[in-house]
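Novice: Dumping the structure here so I can ask a few things about it.
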Amino acid sequence: MKQNLKKIALIAAIAVVIASCSKKNETLTPEAPLAKNGDRVLQHIKNLGFPASSIIEGGNEYIVEEDIIFPKNMVVPASFTGANTEQYYTGSIVNSTNKLNIRVFVDPSMTSMSSEINNAIAQWNGVSGSTLRLNIVTAAPYDILIKDENLGNGVCGQGQFPSNGQAGALIKINKAYIAGNSFAQRARTICHEFGHCISFRHTNWAAQGESTATNVPGVPGTDASSLMNGGQCGSGATVLSQKDKDATASLY
Ligand SMILES: [Zn+2]
């Protein structure tokens with residue numbers, strides 16, 4: 001069993017490397033298995049409760065509800081039960097070891113927003129009762145890559161959900177698009193995407209017409225002050241609300 005877990009961890013580690021290096025992907029991963037795994041990832045997304053209409057095919061990944069990324073080469077949790085429904089998360093969290101030191105690598109394309117990134121990290125690290133810590137590293141290995149990408153009009157950023165006990169591995173920020181926002185709003189976008197990487201769904205999923213999310217135990221209901229409300233880029237809460245903090249302490 002332990003050996004199996006080790007294997008799974010190794011596969012996950014390889015998947016992360018592949019995900020962050022698309023050119024090597026072609027040589028290391030034959031196309032058919034990737035396509036097959038893509039089918040499994042698609043089923044996994046549907047099992048999480050996202051309707052097919054919210055899933056967009058995007059080359060090497062699926063984009064769900066505009067700002068959540070599922071890489072096609074991700075490791076699909078074998079025993080994940082998507083039926084459990086609780087602020088709101090995916091039901092899959094960063095494990096108790098990994099949460100203590102989630103390593104964040106800032107791509108050179110995002111270093112101009114280092115202050116905003118540091119603000120976002122300080123918010124998550126400052127939650128009382130949580131031992132989750134995000135730490136900037138300047139070289140591999142790392143757990144989350146944050147990079148600039150043109151996501152078109154209307155999408156400020158995208159984050160990836162955790163899988164296999166590891167934080168979501170990628171955050172894309174539409175840097176040019178949010179450049180005109182205030183410092184606090186730019187930091188909010190980044191803070192929000194980190195929230196997805198540690199499993200948070202949109203607190204206002206129901207109002208947004210999104211698929212049913214799992215309630216964080218002990219932190220039910222809606223929250224107008226939540227930084228994890230979706231569809232509020234440039235206008236939403238810029239600091240974690242009390243319920244955001246309660247939810248973080250509950251999970252981590
Ligand atoms: Zn979001």
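Note on naming: chains are A, B, ... as they come in the structure tokens, residues start from 1 per chain, ligands start from 1 in the order shown.
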Find the residues of chain A that sit at most 12 Å from ligand 1; for each, write down the nearest two atoms and how far apart they are in Å, to one decimal. Count only C-alpha atoms and all ligand atoms. Sort by chain, then by number going up, and give it as CSV.
Specialist:
```
residue,atom,partner,partner_atom_place_in_ligand_line,distance
A:Ile63,CA,ligand 1,1 (Zn),11.4
A:Val64,CA,ligand 1,1 (Zn),9.8
A:Glu65,CA,ligand 1,1 (Zn),8.0
A:Glu66,CA,ligand 1,1 (Zn),7.8
A:Asp67,CA,ligand 1,1 (Zn),5.3
A:Ile68,CA,ligand 1,1 (Zn),6.7
A:Ile69,CA,ligand 1,1 (Zn),10.3
A:Tyr88,CA,ligand 1,1 (Zn),11.7
A:Tyr89,CA,ligand 1,1 (Zn),11.4
A:Val155,CA,ligand 1,1 (Zn),9.4
A:Cys156,CA,ligand 1,1 (Zn),9.0
A:Gly157,CA,ligand 1,1 (Zn),7.7
A:Gln158,CA,ligand 1,1 (Zn),6.8
A:Gly159,CA,ligand 1,1 (Zn),7.3
A:Gln160,CA,ligand 1,1 (Zn),9.7
A:Phe161,CA,ligand 1,1 (Zn),10.5
A:Ile171,CA,ligand 1,1 (Zn),10.9
A:Lys172,CA,ligand 1,1 (Zn),11.5
A:Ile173,CA,ligand 1,1 (Zn),11.6
A:Arg188,CA,ligand 1,1 (Zn),10.7
A:Thr189,CA,ligand 1,1 (Zn),8.4
A:Ile190,CA,ligand 1,1 (Zn),9.9
A:Cys191,CA,ligand 1,1 (Zn),9.9
A:His192,CA,ligand 1,1 (Zn),6.2
A:Glu193,CA,ligand 1,1 (Zn),6.2
A:Phe194,CA,ligand 1,1 (Zn),9.4
A:Gly195,CA,ligand 1,1 (Zn),8.1
A:His196,CA,ligand 1,1 (Zn),6.6
A:Cys197,CA,ligand 1,1 (Zn),10.0
A:Ile198,CA,ligand 1,1 (Zn),11.9
A:Ser199,CA,ligand 1,1 (Zn),10.7
A:Phe200,CA,ligand 1,1 (Zn),8.5
A:Arg201,CA,ligand 1,1 (Zn),7.0
A:His202,CA,ligand 1,1 (Zn),5.9
A:Thr203,CA,ligand 1,1 (Zn),9.3
A:Asn204,CA,ligand 1,1 (Zn),10.1
A:Trp205,CA,ligand 1,1 (Zn),9.7
A:Gln208,CA,ligand 1,1 (Zn),10.9
A:Glu210,CA,ligand 1,1 (Zn),11.1
A:Ser226,CA,ligand 1,1 (Zn),11.5
A:Leu227,CA,ligand 1,1 (Zn),9.4
A:Met228,CA,ligand 1,1 (Zn),6.6
A:Asn229,CA,ligand 1,1 (Zn),7.2
A:Gly230,CA,ligand 1,1 (Zn),5.0
A:Gly231,CA,ligand 1,1 (Zn),7.4
A:Gln232,CA,ligand 1,1 (Zn),8.9
A:Cys233,CA,ligand 1,1 (Zn),9.0
A:Gly236,CA,ligand 1,1 (Zn),11.4
```
Novice: Applying 9 Å and only C-alpha atoms, which residues near A:Tyr62 remain after dropping the ones on its own chain fewer than 3 positions away? List them as a PyMOL selection string.
Specialist: chain A and resi 38+41-42+45+55-59+68-72
Novice: Name the residues of stretch 62-238 of chain A that fall into strand (DSSP E or B) according to DSSP on the backbone, using the chain letters and numbers of this document, as number ranges by chain.
Specialist: A: 62-64, 68-71, 88-89, 102-106, 134-137, 144-148, 157-160, 163, 166, 170-173, 200, 214-215
Novice: Write out the residues from the selection above, keeping N, CA, C and O atoms, as a short mmCIF file (atom, residue, chain, number, x, y, z; two decimals), in the first residue's frame.
Specialist:
```
data_model
loop_
_atom_site.label_atom_id
_atom_site.label_comp_id
_atom_site.auth_asym_id
_atom_site.auth_seq_id
_atom_site.Cartn_x
_atom_site.Cartn_y
_atom_site.Cartn_z
N TYR A 62 -8.51 21.43 -19.63
CA TYR A 62 -9.91 21.82 -19.66
C TYR A 62 -10.07 23.06 -18.79
O TYR A 62 -9.50 23.13 -17.71
N ILE A 63 -10.83 24.04 -19.26
CA ILE A 63 -11.13 25.25 -18.48
C ILE A 63 -12.58 25.14 -18.04
O ILE A 63 -13.47 24.93 -18.86
N VAL A 64 -12.79 25.27 -16.72
CA VAL A 64 -14.13 25.13 -16.17
C VAL A 64 -14.55 26.43 -15.51
O VAL A 64 -13.78 27.04 -14.76
N ILE A 68 -10.94 28.03 -13.86
CA ILE A 68 -10.38 26.87 -13.18
C ILE A 68 -9.79 25.93 -14.22
O ILE A 68 -10.42 25.58 -15.21
N ILE A 69 -8.53 25.54 -13.98
CA ILE A 69 -7.80 24.74 -14.97
C ILE A 69 -7.66 23.29 -14.51
O ILE A 69 -7.28 23.02 -13.38
N PHE A 70 -7.96 22.37 -15.39
CA PHE A 70 -7.68 20.96 -15.15
C PHE A 70 -6.76 20.47 -16.27
O PHE A 70 -7.19 20.32 -17.41
N PRO A 71 -5.47 20.20 -15.99
CA PRO A 71 -4.58 19.71 -17.03
C PRO A 71 -5.00 18.30 -17.45
O PRO A 71 -5.42 17.50 -16.60
N TYR A 88 -17.00 27.08 0.32
CA TYR A 88 -17.19 25.95 -0.60
C TYR A 88 -15.88 25.49 -1.23
O TYR A 88 -15.05 26.29 -1.60
N TYR A 89 -15.74 24.20 -1.30
CA TYR A 89 -14.49 23.69 -1.85
C TYR A 89 -14.75 22.46 -2.72
O TYR A 89 -15.90 22.06 -2.92
N ILE A 102 3.88 25.15 0.77
CA ILE A 102 3.48 25.14 -0.64
C ILE A 102 4.39 26.13 -1.37
O ILE A 102 4.33 27.34 -1.14
N ARG A 103 5.25 25.57 -2.21
CA ARG A 103 6.28 26.40 -2.84
C ARG A 103 5.75 27.09 -4.10
O ARG A 103 5.22 26.42 -4.98
N VAL A 104 5.91 28.39 -4.13
CA VAL A 104 5.38 29.20 -5.23
C VAL A 104 6.54 29.77 -6.04
O VAL A 104 7.42 30.45 -5.49
N PHE A 105 6.51 29.47 -7.33
CA PHE A 105 7.54 30.03 -8.22
C PHE A 105 6.91 31.10 -9.09
O PHE A 105 5.91 30.86 -9.77
N VAL A 106 7.49 32.28 -9.05
CA VAL A 106 6.97 33.40 -9.84
C VAL A 106 7.71 33.44 -11.16
O VAL A 106 8.93 33.68 -11.20
N LEU A 134 2.15 29.36 2.17
CA LEU A 134 2.66 29.53 0.81
C LEU A 134 4.01 30.24 0.93
O LEU A 134 4.12 31.23 1.66
N ASN A 135 5.02 29.69 0.28
CA ASN A 135 6.35 30.30 0.34
C ASN A 135 6.93 30.47 -1.05
O ASN A 135 6.90 29.54 -1.86
N ILE A 136 7.43 31.68 -1.34
CA ILE A 136 8.08 31.93 -2.63
C ILE A 136 9.42 31.20 -2.69
O ILE A 136 10.20 31.27 -1.74
N VAL A 137 9.64 30.50 -3.80
CA VAL A 137 10.97 29.93 -4.04
C VAL A 137 11.47 30.50 -5.37
O VAL A 137 10.68 30.88 -6.23
N ILE A 144 3.51 25.53 -7.13
CA ILE A 144 2.61 26.38 -7.93
C ILE A 144 3.46 27.31 -8.80
O ILE A 144 4.35 28.00 -8.30
N LEU A 145 3.17 27.30 -10.08
CA LEU A 145 3.79 28.27 -11.00
C LEU A 145 2.77 29.36 -11.25
O LEU A 145 1.61 29.08 -11.56
N ILE A 146 3.18 30.60 -11.09
CA ILE A 146 2.28 31.72 -11.41
C ILE A 146 2.88 32.50 -12.56
O ILE A 146 4.02 32.93 -12.53
N LYS A 147 2.09 32.58 -13.64
CA LYS A 147 2.62 33.23 -14.84
C LYS A 147 1.58 34.11 -15.51
O LYS A 147 0.37 33.96 -15.29
N ASP A 148 2.06 35.01 -16.32
CA ASP A 148 1.19 35.91 -17.10
C ASP A 148 0.72 35.16 -18.34
O ASP A 148 1.48 34.43 -18.97
N GLY A 157 -7.99 35.90 -14.26
CA GLY A 157 -6.98 34.91 -13.91
C GLY A 157 -7.61 33.54 -13.89
O GLY A 157 -8.83 33.40 -13.96
N GLN A 158 -6.75 32.52 -13.80
CA GLN A 158 -7.23 31.14 -13.70
C GLN A 158 -6.34 30.40 -12.72
O GLN A 158 -5.15 30.62 -12.66
N GLY A 159 -6.96 29.52 -11.94
CA GLY A 159 -6.19 28.71 -11.00
C GLY A 159 -6.60 27.27 -11.12
O GLY A 159 -7.69 26.97 -11.62
N GLN A 160 -5.75 26.40 -10.67
CA GLN A 160 -5.97 24.97 -10.78
C GLN A 160 -6.32 24.41 -9.41
O GLN A 160 -5.75 24.83 -8.41
N SER A 163 -4.92 18.27 -6.50
CA SER A 163 -5.21 16.88 -6.79
C SER A 163 -4.14 16.04 -6.13
O SER A 163 -2.99 16.47 -5.99
N GLN A 166 -1.76 17.49 -3.57
CA GLN A 166 -0.88 18.59 -3.94
C GLN A 166 -1.69 19.82 -4.35
O GLN A 166 -2.75 19.68 -4.97
N LEU A 170 -0.88 25.45 -11.12
CA LEU A 170 -0.72 26.56 -12.07
C LEU A 170 -1.71 27.70 -11.81
O LEU A 170 -2.89 27.46 -11.55
N ILE A 171 -1.18 28.92 -11.87
CA ILE A 171 -2.03 30.11 -11.86
C ILE A 171 -1.64 30.94 -13.08
O ILE A 171 -0.46 31.20 -13.33
N LYS A 172 -2.66 31.30 -13.86
CA LYS A 172 -2.43 32.21 -14.98
C LYS A 172 -3.08 33.55 -14.64
O LYS A 172 -4.24 33.57 -14.23
N ILE A 173 -2.35 34.62 -14.82
CA ILE A 173 -2.89 35.95 -14.56
C ILE A 173 -2.90 36.74 -15.86
O ILE A 173 -1.91 36.79 -16.59
N PHE A 200 -10.62 26.09 -2.83
CA PHE A 200 -11.86 26.83 -2.69
C PHE A 200 -12.60 27.00 -4.02
O PHE A 200 -12.00 27.30 -5.05
N THR A 214 -19.20 21.87 -2.68
CA THR A 214 -19.18 21.19 -1.38
C THR A 214 -18.97 22.22 -0.28
O THR A 214 -18.03 23.01 -0.32
N ASN A 215 -19.85 22.19 0.72
CA ASN A 215 -19.74 23.16 1.80
C ASN A 215 -18.58 22.82 2.73
O ASN A 215 -18.40 21.67 3.08
#
```
Novice: Using Å and a single decimal, report how far atom CA of A:Lys99 sits from atom CA of A:Tyr252.
Specialist: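 Computing the Euclidean distance for atom CA of A:Tyr252 and atom CA of A:Lys99 yields 7.5 Å.
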Novice: Counting only C-alpha atoms, which of A:Val94, A:Val75, A:Val239, A:Ala140 gets nearest to A:Ala184?
Specialist: A:Val239
Novice: Using only C-alpha atoms, can you tell me which of A:Met113, A:Leu132, A:Ala122, A:Val127 comes closest to A:Leu100?
Specialist: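 Looking only at the distances to A:Leu100, the closest residue turns out to be A:Leu132.
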Novice: If you count only C-alpha atoms, which residues fall within 10 Å of A:Gln43, apart from same-chain ones fewer than 6 positions away, as a list of chain:residue names?
Specialist: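 So the residues in contact are A:Asn37, A:Gly49, A:Phe50, A:Ala52, A:Val76.
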Novice: Please indicate the distance in Å from atom CA of A:Glu149 to atom CA of A:Ser211, rounded to one decimal place.
Specialist: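 Between atom CA of A:Glu149 and atom CA of A:Ser211 the gap is 26.0 Å.
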Novice: A:Ala139, A:Ala167, A:Ala176, A:Ile121: which is nearest A:Asn153, counting only C-alpha atoms?
Specialist: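 Closest to A:Asn153 of all the choices is A:Ala176.
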Novice: With DSSP run on the backbone, what are the alpha helix (DSSP H) residues within stretch 81-141 of chain A? I'd like them as JSON, numbers by chain.
Specialist: {"A": [114, 115, 116, 117, 118, 119, 120, 121, 122, 123, 124, 125]}
Novice: Nearest to A:Arg133: which of A:Asn98, A:Tyr177, A:Pro162, A:Asn118 is it, counting only C-alpha atoms?
Specialist: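 Closest candidate: A:Asn98.
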Novice: Taking only C-alpha atoms into account, name the residue in A:Ser115, A:Asn47, A:Ser53, A:Thr131 that is nearest to A:Ala249.
Specialist: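 Selected residue with least distance to A:Ala249: A:Thr131.
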Novice: Neighbouring residues of stretch 219-222 of chain A were defined as those with any atom within 7 Å, considering only C-alpha atoms; residues of the same chain fewer than 2 positions away were excluded. Please report them as a list in words.
Specialist: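 Returned residues: Glu86, Gln87, Thr203, Asn204, Asn215, Val216, Pro217, Ala224, Lys243, Asp246 and Ala247 of chain A.
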Novice: Taking only C-alpha atoms into account, name the residue in A:Thr138, A:Ser128, A:Thr111, A:Asn174 that is nearest to A:Asn150.
Specialist: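 Comparing A:Thr138, A:Ser128, A:Thr111, A:Asn174 against A:Asn150, the winner is A:Asn174.
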Novice: For the atom pair atom CA of A:Ala237 and atom CA of A:Gly126, what is the interatomic distance in Å to one decimal place?
Specialist: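 Distance between the two atoms: 16.7 Å.
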